[in-house]
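File shown here: target_7.cif, holding mmCIF, C-alpha atoms.
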data_target
loop_
_atom_site.label_atom_id
_atom_site.label_comp_id
_atom_site.auth_asym_id
_atom_site.auth_seq_id
_atom_site.Cartn_x
_atom_site.Cartn_y
_atom_site.Cartn_z
CA MET A 1 7.36 20.32 0.78
CA THR A 2 9.98 22.11 2.85
CA PRO A 3 12.36 24.83 1.63
CA ASP A 4 16.02 23.85 1.35
CA ARG A 5 18.93 26.20 1.90
CA ALA A 6 18.97 27.26 -1.73
CA GLY A 7 15.32 28.28 -1.48
CA ALA A 8 13.98 25.42 -3.61
CA ALA A 9 11.25 23.10 -2.38
CA ALA A 10 12.63 19.86 -0.99
CA PRO A 11 10.20 16.92 -1.06
CA ALA A 12 8.95 15.60 2.25
CA LEU A 13 10.35 12.11 2.88
CA THR A 14 9.15 9.52 5.40
CA GLU A 15 9.80 5.89 6.33
CA CYS A 16 7.23 3.22 7.16
CA GLU A 17 7.54 0.29 9.56
CA ASP A 18 5.51 -2.12 11.71
CA THR A 19 3.14 -2.89 8.84
CA VAL A 20 0.27 -5.19 9.93
CA TRP A 21 -2.37 -6.59 7.56
CA PHE A 22 -5.86 -7.57 8.75
CA ARG A 23 -7.93 -9.72 6.44
CA HIS A 24 -11.71 -9.55 6.14
CA SER A 25 -13.34 -11.34 9.12
CA ASP A 26 -15.92 -10.82 11.84
CA SER A 27 -13.14 -10.00 14.30
CA LEU A 28 -11.59 -7.33 12.05
CA PRO A 29 -12.89 -4.21 13.87
CA ALA A 30 -11.89 -5.39 17.35
CA ALA A 31 -8.50 -6.70 16.23
CA ALA A 32 -7.65 -3.55 14.26
CA ARG A 33 -8.83 -1.25 17.06
CA GLY A 34 -6.69 -3.08 19.63
CA ALA A 35 -3.63 -3.00 17.39
CA ALA A 36 -4.15 0.70 16.68
CA ARG A 37 -4.26 1.48 20.40
CA GLN A 38 -1.03 -0.45 20.98
CA LEU A 39 0.77 1.29 18.12
CA ALA A 40 -0.52 4.71 19.21
CA HIS A 41 0.75 4.11 22.74
CA ARG A 42 4.11 2.85 21.54
CA ILE A 43 4.83 5.88 19.35
CA GLY A 44 3.72 8.28 22.07
CA LEU A 45 0.48 9.72 20.74
CA LEU A 46 -1.33 11.80 23.33
CA PRO A 47 -4.29 9.96 24.94
CA GLU A 48 -6.86 12.15 23.20
CA ARG A 49 -5.19 11.61 19.84
CA ALA A 50 -4.93 7.86 20.44
CA ALA A 51 -8.66 7.76 21.18
CA GLU A 52 -9.40 9.58 17.91
CA VAL A 53 -7.26 7.09 16.02
CA ALA A 54 -9.04 4.12 17.64
CA LEU A 55 -12.44 5.62 16.76
CA ALA A 56 -11.46 6.22 13.12
CA VAL A 57 -9.98 2.72 12.76
CA SER A 58 -13.14 1.17 14.27
CA GLU A 59 -15.39 3.03 11.85
CA ALA A 60 -13.32 2.17 8.79
CA ALA A 61 -12.93 -1.49 9.82
CA THR A 62 -16.64 -1.86 10.54
CA ASN A 63 -17.51 -0.42 7.13
CA LEU A 64 -15.04 -2.82 5.55
CA ARG A 65 -16.45 -5.87 7.33
CA ARG A 66 -20.08 -5.08 6.58
CA HIS A 67 -19.92 -3.81 3.03
CA ALA A 68 -16.69 -4.79 1.28
CA VAL A 69 -15.78 -7.66 -1.00
CA ASP A 70 -12.31 -9.14 -0.33
CA GLY A 71 -11.47 -6.33 2.08
CA ALA A 72 -8.30 -5.79 4.08
CA MET A 73 -6.94 -3.15 6.45
CA VAL A 74 -3.32 -2.12 6.87
CA LEU A 75 -1.94 -0.42 9.99
CA ARG A 76 1.59 0.97 10.09
CA VAL A 77 3.85 3.60 11.60
CA VAL A 78 5.12 6.49 9.48
CA ARG A 79 8.27 8.25 10.66
CA THR A 80 10.33 11.27 9.94
CA ASP A 81 13.71 11.58 11.68
CA THR A 82 12.05 13.01 14.78
CA GLU A 83 8.30 12.29 14.70
CA ALA A 84 5.98 9.35 14.21
CA ALA A 85 2.41 9.00 12.95
CA LEU A 86 -0.07 6.15 12.68
CA GLU A 87 -1.43 5.46 9.21
CA PHE A 88 -4.11 3.05 8.07
CA LEU A 89 -5.41 1.98 4.70
CA THR A 90 -8.46 -0.03 3.72
CA VAL A 91 -8.45 -1.87 0.41
CA ASP A 92 -11.35 -3.79 -1.13
CA SER A 93 -12.60 -5.09 -4.47
CA GLY A 94 -16.15 -3.79 -4.29
CA PRO A 95 -18.85 -2.73 -4.36
CA GLY A 96 -17.38 0.79 -4.57
CA MET A 97 -19.12 4.13 -4.13
CA ALA A 98 -21.29 5.72 -6.78
CA ASP A 99 -21.15 9.16 -5.11
CA VAL A 100 -17.95 9.82 -3.15
CA PRO A 101 -18.84 13.44 -2.15
CA ALA A 102 -22.14 12.22 -0.70
CA ALA A 103 -20.38 9.47 1.23
CA LEU A 104 -18.14 12.10 2.82
CA ALA A 105 -21.06 14.27 3.94
CA ASP A 106 -22.02 14.32 7.62
CA GLY A 107 -24.93 12.04 8.46
CA TYR A 108 -24.45 9.78 5.44
CA SER A 109 -24.74 6.06 6.18
CA SER A 110 -25.34 2.98 4.08
CA GLY A 111 -25.86 0.83 7.17
CA PRO A 112 -25.32 0.65 10.93
CA THR A 113 -21.80 1.67 12.00
CA LEU A 114 -20.40 3.65 14.92
CA GLY A 115 -22.03 6.64 13.31
CA ILE A 116 -19.14 9.08 12.85
CA GLY A 117 -18.92 8.51 9.08
CA LEU A 118 -16.18 8.98 6.52
CA GLY A 119 -16.43 12.77 6.77
CA ALA A 120 -15.51 12.65 10.44
CA ILE A 121 -12.57 10.34 9.71
CA ALA A 122 -11.39 12.87 7.15
CA ARG A 123 -11.60 15.69 9.70
CA LEU A 124 -9.78 13.72 12.40
CA ALA A 125 -6.93 12.71 10.08
CA ASP A 126 -4.04 14.98 9.14
CA ALA A 127 -4.02 13.36 5.70
CA PHE A 128 -7.02 11.66 4.09
CA ASP A 129 -7.48 10.22 0.63
CA LEU A 130 -10.25 8.18 -0.95
CA HIS A 131 -10.44 6.49 -4.36
CA SER A 132 -13.57 4.53 -5.25
CA LEU A 133 -15.13 3.20 -8.43
CA PRO A 134 -18.49 1.39 -8.61
CA GLY A 135 -17.94 -2.30 -9.21
CA ARG A 136 -14.17 -2.00 -8.71
CA GLY A 137 -13.70 -1.17 -5.05
CA THR A 138 -12.33 1.44 -2.69
CA VAL A 139 -8.97 2.46 -1.23
CA LEU A 140 -9.00 4.74 1.81
CA THR A 141 -5.89 6.30 3.37
CA ALA A 142 -5.75 8.18 6.70
CA ARG A 143 -2.71 9.41 8.62
CA PHE A 144 -2.65 10.76 12.19
CA TRP A 145 0.23 12.81 13.62
CA ASN A 146 0.45 13.79 17.25
CA ARG A 147 -1.37 16.85 18.58
CA THR A 148 1.90 18.51 19.60
CA PRO A 149 3.81 21.38 17.97
CA ALA A 150 6.29 18.93 16.47
CA GLY A 151 3.50 16.67 15.23
CA ARG A 152 1.67 19.60 13.64
CA ALA A 153 4.91 20.68 11.97
CA ALA A 154 5.35 17.19 10.53
CA ALA A 155 1.79 17.24 9.21
CA ALA A 156 2.33 20.69 7.69
CA ALA A 157 5.50 19.57 5.88
CA GLY A 158 3.34 18.18 3.09
CA GLU A 159 2.78 14.80 1.53
CA PRO A 160 5.76 12.50 1.06
CA ALA A 161 7.09 12.47 -2.49
CA ALA A 162 7.32 8.68 -2.37
CA ALA A 163 5.38 5.98 -0.57
CA GLY A 164 5.03 2.24 -0.93
CA LEU A 165 3.16 -0.76 0.34
CA THR A 166 4.22 -4.38 0.88
CA ARG A 167 2.17 -7.52 1.54
CA PRO A 168 3.43 -11.00 2.48
CA MET A 169 2.31 -13.95 0.41
CA SER A 170 -0.64 -15.96 1.67
CA GLY A 171 0.29 -18.05 4.69
CA GLN A 172 3.32 -15.94 5.64
CA GLU A 173 3.65 -13.26 8.31
CA LEU A 174 6.89 -11.68 7.08
CA CYS A 175 7.36 -10.03 3.70
CA GLY A 176 10.56 -10.29 1.65
CA ASP A 177 9.80 -7.09 -0.27
CA ALA A 178 10.88 -3.69 1.07
CA TRP A 179 11.26 -0.12 -0.09
CA ALA A 180 13.03 2.95 1.26
CA VAL A 181 13.79 6.54 0.39
CA ARG A 182 16.47 8.97 1.53
CA PRO A 183 17.53 12.50 0.60
CA VAL A 184 20.68 13.32 -1.33
CA GLY A 185 22.73 16.43 -0.70
CA PRO A 186 22.93 18.89 2.17
CA LEU A 187 19.75 19.32 4.19
CA PRO A 188 18.53 22.10 6.48
CA PRO A 189 18.97 21.50 10.23
CA VAL A 190 16.19 19.43 11.77
CA PRO A 191 14.06 21.71 14.01
CA GLY A 192 14.48 20.83 17.66
CA ARG A 193 17.55 18.65 17.22
CA VAL A 194 20.61 19.70 19.22
CA PRO A 195 23.76 19.73 17.02
CA THR A 196 26.55 17.43 18.14
CA GLY A 197 28.86 19.13 20.62
CA VAL A 198 26.56 22.08 21.26
CA ALA A 199 24.79 20.84 24.37
CA GLY A 200 25.97 18.68 27.22
CA ALA A 201 24.29 15.56 28.49
CA ALA A 202 21.67 17.54 30.35
CA GLY A 203 20.61 19.38 27.21
CA ALA A 204 20.93 16.58 24.65
CA ALA A 205 17.74 15.92 22.68
CA LEU A 206 16.50 12.39 22.14
CA ASP A 207 15.38 11.59 18.62
CA TRP A 208 14.00 8.45 16.99
CA SER A 209 17.50 7.14 16.22
CA VAL A 210 18.07 6.95 20.00
CA LEU A 211 14.63 5.67 20.96
CA THR A 212 14.55 2.94 18.31
CA ASN A 213 18.27 2.05 18.20
CA ARG A 214 18.36 2.92 14.52
CA ALA A 215 21.17 4.89 12.89
CA PRO A 216 19.98 8.36 11.85
CA ARG A 217 19.86 9.10 8.17
CA THR A 218 23.05 10.87 7.14
CA PRO A 219 22.76 12.09 3.54
CA SER A 220 26.05 12.63 1.79
CA SER A 221 27.03 15.85 0.13
CA PRO A 222 27.15 15.17 -3.61
CA GLY A 223 29.62 17.94 -4.40
CA PRO A 224 29.16 20.97 -6.65
CA GLY A 225 27.04 20.39 -9.72
CA ARG A 226 26.45 16.66 -9.15
CA THR A 227 22.81 16.65 -8.05
CA GLU A 228 19.97 19.15 -7.86
CA ALA A 229 18.47 20.50 -4.65
CA GLY A 230 15.73 18.24 -3.29
CA ALA A 231 17.09 15.10 -4.97
CA PHE A 232 16.33 11.76 -3.35
CA LEU A 233 17.20 8.11 -3.77
CA LEU A 234 14.51 5.46 -4.04
CA LEU A 235 15.15 1.79 -3.25
CA PHE A 236 13.13 -1.33 -3.91
CA CYS A 237 14.34 -4.77 -2.77
CA ASP A 238 12.84 -8.20 -3.37
CA GLY A 239 14.64 -10.62 -1.02
CA LEU A 240 15.32 -13.98 -2.64
CA GLY A 241 12.60 -16.51 -1.81
CA HIS A 242 10.00 -16.07 0.92
CA GLY A 243 9.65 -16.07 4.69
CA PRO A 244 12.06 -14.93 7.42
CA LEU A 245 15.29 -15.25 5.40
CA ALA A 246 13.91 -13.20 2.52
CA ALA A 247 12.59 -10.62 4.98
CA ARG A 248 16.01 -10.46 6.65
CA ALA A 249 17.71 -9.86 3.30
CA ALA A 250 15.29 -7.03 2.52
CA SER A 251 15.73 -5.52 6.00
CA ASP A 252 19.53 -5.67 5.67
CA ALA A 253 19.30 -3.97 2.29
CA VAL A 254 17.22 -1.11 3.68
CA ALA A 255 19.61 -0.61 6.62
CA ALA A 256 22.64 -0.63 4.31
CA PHE A 257 20.87 1.79 1.95
CA HIS A 258 20.51 4.31 4.77
CA ARG A 259 24.11 3.85 5.91
CA SER A 260 25.61 4.14 2.44
CA PRO A 261 27.30 7.48 1.67
CA ALA A 262 26.83 6.86 -2.08
CA HIS A 263 24.49 8.98 -4.15
CA ARG A 264 24.75 7.31 -7.55
CA PRO A 265 22.46 4.26 -8.02
CA GLU A 266 25.28 1.99 -9.24
CA GLU A 267 27.42 2.96 -6.23
CA VAL A 268 24.54 2.20 -3.86
CA LEU A 269 24.10 -1.22 -5.46
CA ALA A 270 27.81 -1.95 -4.99
CA ASP A 271 27.52 -1.08 -1.29
CA LEU A 272 24.45 -3.31 -0.89
CA HIS A 273 26.18 -6.16 -2.71
CA ARG A 274 28.96 -6.19 -0.12
CA VAL A 275 26.49 -6.20 2.78
CA LEU A 276 24.23 -8.95 1.39
CA ARG A 277 26.97 -11.49 0.64
CA THR A 278 26.31 -13.43 3.85
CA GLY A 279 22.58 -13.82 3.25
CA ARG A 280 20.18 -14.70 0.50
CA GLY A 281 20.61 -11.50 -1.48
CA GLY A 282 17.88 -10.22 -3.71
CA ALA A 283 16.68 -8.28 -6.72
CA ILE A 284 17.24 -4.56 -6.12
CA ALA A 285 16.53 -1.37 -8.03
CA VAL A 286 17.77 2.11 -7.09
CA ALA A 287 16.58 5.37 -8.67
CA LEU A 288 18.01 8.84 -8.19
CA VAL A 289 15.18 11.35 -8.63
CA GLU A 290 16.09 14.99 -9.20
CA PRO A 291 12.81 16.95 -9.12
CA ALA A 292 14.31 20.36 -9.94
CA ALA A 293 15.85 18.99 -13.12
CA ALA A 294 12.91 16.63 -13.83
CA ARG A 295 15.44 13.84 -14.27
CA LEU A 296 15.81 10.23 -13.14
CA THR A 297 18.87 7.97 -13.05
CA PHE A 298 18.16 4.27 -12.62
CA CYS A 299 20.14 1.09 -12.05
CA GLY A 300 18.63 -2.28 -11.25
CA VAL A 301 19.69 -5.91 -10.85
CA GLY A 302 17.22 -8.77 -10.94
CA ASN A 303 13.49 -8.98 -11.46
CA VAL A 304 12.26 -5.60 -10.25
CA SER A 305 9.90 -3.80 -12.62
CA ALA A 306 10.41 -0.06 -13.04
CA PHE A 307 8.39 2.45 -15.03
CA VAL A 308 8.11 6.16 -15.68
CA VAL A 309 4.41 6.84 -16.30
CA ASP A 310 3.12 9.90 -18.14
CA THR A 311 0.00 10.49 -16.09
CA ALA A 312 -1.52 12.74 -18.76
CA THR A 313 -1.62 9.96 -21.37
CA GLY A 314 -1.13 6.79 -19.34
CA ALA A 315 1.89 5.91 -21.46
CA ARG A 316 4.70 4.27 -19.55
CA ARG A 317 8.36 3.66 -20.26
CA ALA A 318 10.01 0.57 -18.79
CA LEU A 319 13.44 0.97 -17.17
CA PRO A 320 15.52 -2.19 -17.76
CA SER A 321 17.38 -4.07 -15.02
CA SER A 322 20.35 -6.41 -15.54
CA PRO A 323 20.18 -10.15 -14.72
CA GLY A 324 21.79 -11.09 -11.42
CA ILE A 325 21.37 -11.31 -7.64
CA VAL A 326 22.69 -8.51 -5.44
CA GLY A 327 24.85 -10.16 -2.80
CA HIS A 328 25.87 -13.08 -5.02
CA GLN A 329 26.15 -12.16 -8.69
CA LEU A 330 26.50 -8.44 -9.42
CA PRO A 331 26.84 -7.68 -13.13
CA ALA A 332 28.54 -4.66 -14.64
CA PRO A 333 26.25 -1.71 -13.89
CA HIS A 334 23.84 -0.58 -16.57
CA THR A 335 22.60 2.91 -15.76
CA VAL A 336 19.60 4.48 -17.49
CA ARG A 337 18.84 8.20 -17.51
CA GLN A 338 15.35 9.41 -18.22
CA ASP A 339 13.67 12.81 -18.33
CA LEU A 340 10.55 13.04 -16.18
CA PRO A 341 7.51 14.54 -17.95
CA PRO A 342 5.62 17.13 -15.88
CA GLY A 343 3.32 15.40 -13.42
CA SER A 344 4.69 11.95 -14.23
CA ALA A 345 5.08 9.11 -11.74
CA VAL A 346 7.88 6.65 -11.01
CA VAL A 347 6.79 3.11 -10.12
CA LEU A 348 8.99 0.27 -8.83
CA HIS A 349 7.54 -3.12 -7.93
CA SER A 350 8.41 -6.77 -7.40
CA ASP A 351 7.28 -9.75 -9.44
CA GLY A 352 4.56 -10.15 -6.82
CA LEU A 353 2.68 -7.77 -9.14
CA THR A 354 2.11 -8.57 -12.77
CA ASP A 355 3.70 -5.94 -15.01
CA ARG A 356 0.74 -5.99 -17.40
CA TRP A 357 -1.16 -3.28 -15.50
CA ARG A 358 -2.16 -0.12 -17.37
CA ALA A 359 -2.73 3.27 -15.79
CA THR A 360 -5.73 3.89 -18.04
CA ASP A 361 -7.50 0.84 -16.58
CA VAL A 362 -7.86 2.60 -13.21
CA PRO A 363 -9.28 6.11 -13.74
CA GLY A 364 -7.69 8.60 -11.34
CA LEU A 365 -4.88 6.21 -10.37
CA PHE A 366 -2.15 8.85 -10.21
CA SER A 367 -4.33 11.80 -9.19
CA HIS A 368 -4.21 10.54 -5.59
CA LEU A 369 -1.50 10.33 -2.92
CA PRO A 370 1.49 8.09 -3.71
CA VAL A 371 0.47 5.61 -1.00
CA THR A 372 -3.09 5.41 -2.38
CA ALA A 373 -1.71 4.84 -5.88
CA ALA A 374 0.54 2.09 -4.50
CA ALA A 375 -2.43 0.40 -2.81
CA LEU A 376 -4.46 0.57 -6.02
CA LEU A 377 -1.66 -1.04 -8.01
CA LEU A 378 -1.28 -3.75 -5.37
CA ARG A 379 -5.01 -4.48 -5.54
CA GLU A 380 -5.17 -4.49 -9.33
CA ALA A 381 -1.92 -6.30 -10.15
CA GLY A 382 -0.86 -8.16 -6.99
CA VAL A 383 -0.76 -11.96 -6.76
CA ARG A 384 -1.32 -14.01 -3.60
CA ARG A 385 1.28 -16.71 -4.32
CA ASP A 386 4.23 -14.35 -3.80
CA ASP A 387 5.35 -11.48 -1.62
CA ALA A 388 4.18 -8.26 -3.24
CA GLY A 389 5.44 -4.71 -2.95
CA VAL A 390 5.27 -1.46 -4.87
CA VAL A 391 6.56 2.09 -4.33
CA VAL A 392 5.33 5.20 -6.16
CA ALA A 393 7.04 8.59 -6.42
CA LYS A 394 5.14 11.56 -7.81
CA GLY A 395 4.14 15.15 -7.28
CA ALA A 396 7.61 16.67 -6.75
CA TRP A 397 8.32 17.73 -10.35
#
What would the structure in this file look like if it were written as structure tokens?
Amino acid sequence: MTPDRAGAAAPALTECEDTVWFRHSDSLPAAARGAARQLAHRIGLLPERAAEVALAVSEAATNLRRHAVDGAMVLRVVRTDTEAALEFLTVDSGPGMADVPAALADGYSSGPTLGIGLGAIARLADAFDLHSLPGRGTVLTARFWNRTPAGRAAAAAGEPAAAGLTRPMSGQELCGDAWAVRPVGPLPPVPGRVPTGVAGAAGAALDWSVLTNRAPRTPSSPGPGRTEAGAFLLLFCDGLGHGPLAARAASDAVAAFHRSPAHRPEEVLADLHRVLRTGRGGAIAVALVEPAAARLTFCGVGNVSAFVVDTATGARRALPSSPGIVGHQLPAPHTVRQDLPPGSAVVLHSDGLTDRWRATDVPGLFSHLPVTAAALLLREAGVRRDDAGVVVAKGAW
């Protein structure tokens, strides 16, 4: 969390891209290690840090190949406006760990690996999370920022308030599901960024919007009394159909979401509707989360499931969406407002996950990082015959 100008704690927010899935196979460790090195080089990790990432990925992938049932590894890039990290997850359906603390101890091994162990991965990573149940499987999350002052500052900013995970359907390389998050309201200046007009060409600072040809996030000012400090908007899009055209629709929705000056969910949907008219369109849900007020405002169109989950009891409240297709048939907006119980979680997902999941079926589901919770839901409720995606927001209220 980072302090905003009013002194409240603003949730850390990040974006994810370049997601690559590796299925269980004999070539998994070598393939994942090579991809990790390429991603580390592309985002500018220092050589020593890149080597640490490659070592951690090799260890985790080797463990997955040798011990896991139906295992998979995910590599992706995590970005703030100015910094980038490499993150990996491993997801499997068994056998699970009977003693997680022992597995994290130095020297522990259940078989021949590279020998550094899970404890060393945890020490090398800036963020590490592990959920495991005997007979059910394991989800491991590790994130690596650069060993630079800016990278350390990004790591110290705290865990993102929202994180998601998407997976293409079997036989496809591109996924038509996508999620995004952006802040609402005035934000503090970004450390290290030169304000427009202050420095000349010689002193201008490059940021990721320049290096990646992406428009920087420009949150709109909501006006007095309209939103609380630290509020953020959460988007989930399920592009119509599958394959490249569905992925393009989802990508266009995410780009339009970041460009939109709107801060009300129904206004965001109207902006996205105009942008998606020339493509397939999709099912889209937008939630405005106001942590300081413990309040959520939701508007959805199409088959996106949305829930507020009371993590203390496991009870969940469904947030209804209206029938339609954003980009082609936008109904009159139906906005739902919901108080957020302390410690609750917000979950949005596509119909690539069955909505019959129950939080109580996975002990500890929401006691872990949002990205770990998303991976657990994807494992427990995801189907292979469709693109699947889920985003979880928690921990900010």
**Asked** Do you know which residues lie at most 9 Å from (-1.3, -11.3, -5.2), with coordinates as in the file and only C-alpha atoms counted, and could you write them as a ChimeraX atom specification?
**Response** /A:167,169-170,352-354,378-388
**Request:** Name every residue that the PyMOL selection byres ((chain A and resi 76) around 10) selects in this structure, writing the answer as a PyMOL selection string with chains first and numbers rising.
**Result:** chain A and resi 16-21+35-36+39+74-75+77-79+85-89+143
**Message:** Given the point (5.9, 13.6, 13.5) in the file's coordinates, find the residues that have an atom at most 8 Å from it, counting all atoms listed in the file, and give them as a VMD selection string.
**Reply:** chain A and resid 79 to 80 82 to 85 145 to 146 150 to 155
Emit the selected residues as a PDB file, in the coordinates of the input, including C-alpha atoms.
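The result, written out as selection01.pdb:
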ATOM      1  CA  ARG A  79       8.270   8.250  10.660  1.00  0.00           C
ATOM      2  CA  THR A  80      10.330  11.270   9.940  1.00  0.00           C
ATOM      3  CA  THR A  82      12.050  13.010  14.780  1.00  0.00           C
ATOM      4  CA  GLU A  83       8.300  12.290  14.700  1.00  0.00           C
ATOM      5  CA  ALA A  84       5.980   9.350  14.210  1.00  0.00           C
ATOM      6  CA  ALA A  85       2.410   9.000  12.950  1.00  0.00           C
ATOM      7  CA  TRP A 145       0.230  12.810  13.620  1.00  0.00           C
ATOM      8  CA  ASN A 146       0.450  13.790  17.250  1.00  0.00           C
ATOM      9  CA  ALA A 150       6.290  18.930  16.470  1.00  0.00           C
ATOM     10  CA  GLY A 151       3.500  16.670  15.230  1.00  0.00           C
ATOM     11  CA  ARG A 152       1.670  19.600  13.640  1.00  0.00           C
ATOM     12  CA  ALA A 153       4.910  20.680  11.970  1.00  0.00           C
ATOM     13  CA  ALA A 154       5.350  17.190  10.530  1.00  0.00           C
ATOM     14  CA  ALA A 155       1.790  17.240   9.210  1.00  0.00           C
TER      15      ALA A 155
END
Report, as AutoDock Vina command-line options, the centre and edge lengths in Å (one decimal) of the axis-aligned box enclosing every listed atom of stretch 97-107 of chain A, padded by 3 Å on each side.
--center_x -21.4 --center_y 9.2 --center_z 0.8 --size_x 13.0 --size_y 16.2 --size_z 21.2
**Message:** Which residues, named as in the file, does the PyMOL selection byres ((chain A and resi 337) around 6) pick out? Answer as a PyMOL selection string.
**Reply:** chain A and resi 296-297+336+338
**Request:** Between atom CA of A:Ala292 and atom CA of A:Gly364, measure the distance and give it in Å to one decimal.
**Result:**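 Separation between atom CA of A:Ala292 and atom CA of A:Gly364: 25.0 Å.
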Can you give me, as an mmCIF file with C-alpha atoms, in the coordinates of the input, the residues this file yields under the PyMOL selection byres ((chain A and resi 97) around 10)?
data_model
loop_
_atom_site.group_PDB
_atom_site.id
_atom_site.type_symbol
_atom_site.label_atom_id
_atom_site.label_comp_id
_atom_site.auth_asym_id
_atom_site.auth_seq_id
_atom_site.Cartn_x
_atom_site.Cartn_y
_atom_site.Cartn_z
ATOM 1 C CA GLY A 94 -16.150 -3.790 -4.290
ATOM 2 C CA PRO A 95 -18.850 -2.730 -4.360
ATOM 3 C CA GLY A 96 -17.380 0.790 -4.570
ATOM 4 C CA ALA A 98 -21.290 5.720 -6.780
ATOM 5 C CA ASP A 99 -21.150 9.160 -5.110
ATOM 6 C CA VAL A 100 -17.950 9.820 -3.150
ATOM 7 C CA PRO A 101 -18.840 13.440 -2.150
ATOM 8 C CA ALA A 102 -22.140 12.220 -0.700
ATOM 9 C CA ALA A 103 -20.380 9.470 1.230
ATOM 10 C CA HIS A 131 -10.440 6.490 -4.360
ATOM 11 C CA SER A 132 -13.570 4.530 -5.250
ATOM 12 C CA LEU A 133 -15.130 3.200 -8.430
ATOM 13 C CA PRO A 134 -18.490 1.390 -8.610
ATOM 14 C CA GLY A 135 -17.940 -2.300 -9.210
ATOM 15 C CA ARG A 136 -14.170 -2.000 -8.710
ATOM 16 C CA GLY A 137 -13.700 -1.170 -5.050
ATOM 17 C CA THR A 138 -12.330 1.440 -2.690
#
**Message:** So the first atom is atom CA of A:Thr148 and the second is atom CA of A:Leu46; what is the distance between them in Å, to one decimal place?
**Reply:**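 Interatomic distance here is 8.3 Å.
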**Asked** Mind pulling up the distance from atom CA of A:Phe128 to atom CA of A:Val184?
**Response** 28.3 Å
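When all atoms listed in the file are used to compute distances to A:His328, the closest of the residues A:Leu174, A:Val275, A:Ala56, A:Leu64 turns out to be A:Val275.
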**Message:** Residues within 9 Å of A:Pro11, please, as a ChimeraX atom specification. Count all atoms listed in the file; anything in the same chain fewer than 5 positions from it doesn't count.
**Reply:** /A:1-3,157-162,183,230-232,291,395-396
**Item:** Best match for closeness to A:Gly243 among A:Gly171, A:Ala315, A:Val289, A:Arg182, counting all atoms listed in the file
**Value:** A:Gly171
**Residue nearest A:Val347 - candidates A:Thr335, A:Gln172, A:Thr141, A:Thr311, atoms counted: only C-alpha atoms** =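 The answer is A:Thr311, which sits nearest to A:Val347.
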**Asked** With all atoms listed in the file as the atoms that count, which of A:Ala54, A:Cys299, A:Val391, A:Ile284 lies nearest to A:Gly327?
**Response** A:Ile284
Please export stretch 273-296 of chain A as a compact mmCIF listing (two decimals), in the first residue's frame, restricted to C-alpha atoms.
# COMPACT_ATOMS: atom_id res chain seq x y z
CA HIS A 273 -19.42 -0.38 -26.27
CA ARG A 274 -18.45 2.37 -28.71
CA VAL A 275 -14.93 0.97 -29.15
CA LEU A 276 -15.98 -2.66 -29.64
CA ARG A 277 -18.61 -2.03 -32.34
CA THR A 278 -16.22 -2.99 -35.15
CA GLY A 279 -15.23 -6.33 -33.63
CA ARG A 280 -16.78 -9.32 -31.97
CA GLY A 281 -17.64 -7.59 -28.71
CA GLY A 282 -17.94 -9.52 -25.51
CA ALA A 283 -19.35 -10.02 -22.04
CA ILE A 284 -17.92 -7.37 -19.72
CA ALA A 285 -18.22 -6.55 -16.03
CA VAL A 286 -16.87 -3.42 -14.32
CA ALA A 287 -16.67 -2.88 -10.57
CA LEU A 288 -15.79 0.31 -8.72
CA VAL A 289 -14.15 -0.66 -5.42
CA GLU A 290 -13.89 1.99 -2.71
CA PRO A 291 -11.78 0.47 0.09
CA ALA A 292 -12.05 3.41 2.50
CA ALA A 293 -15.84 3.23 2.39
CA ALA A 294 -15.90 -0.60 2.13
CA ARG A 295 -18.25 -0.21 -0.82
CA LEU A 296 -18.59 -1.70 -4.30
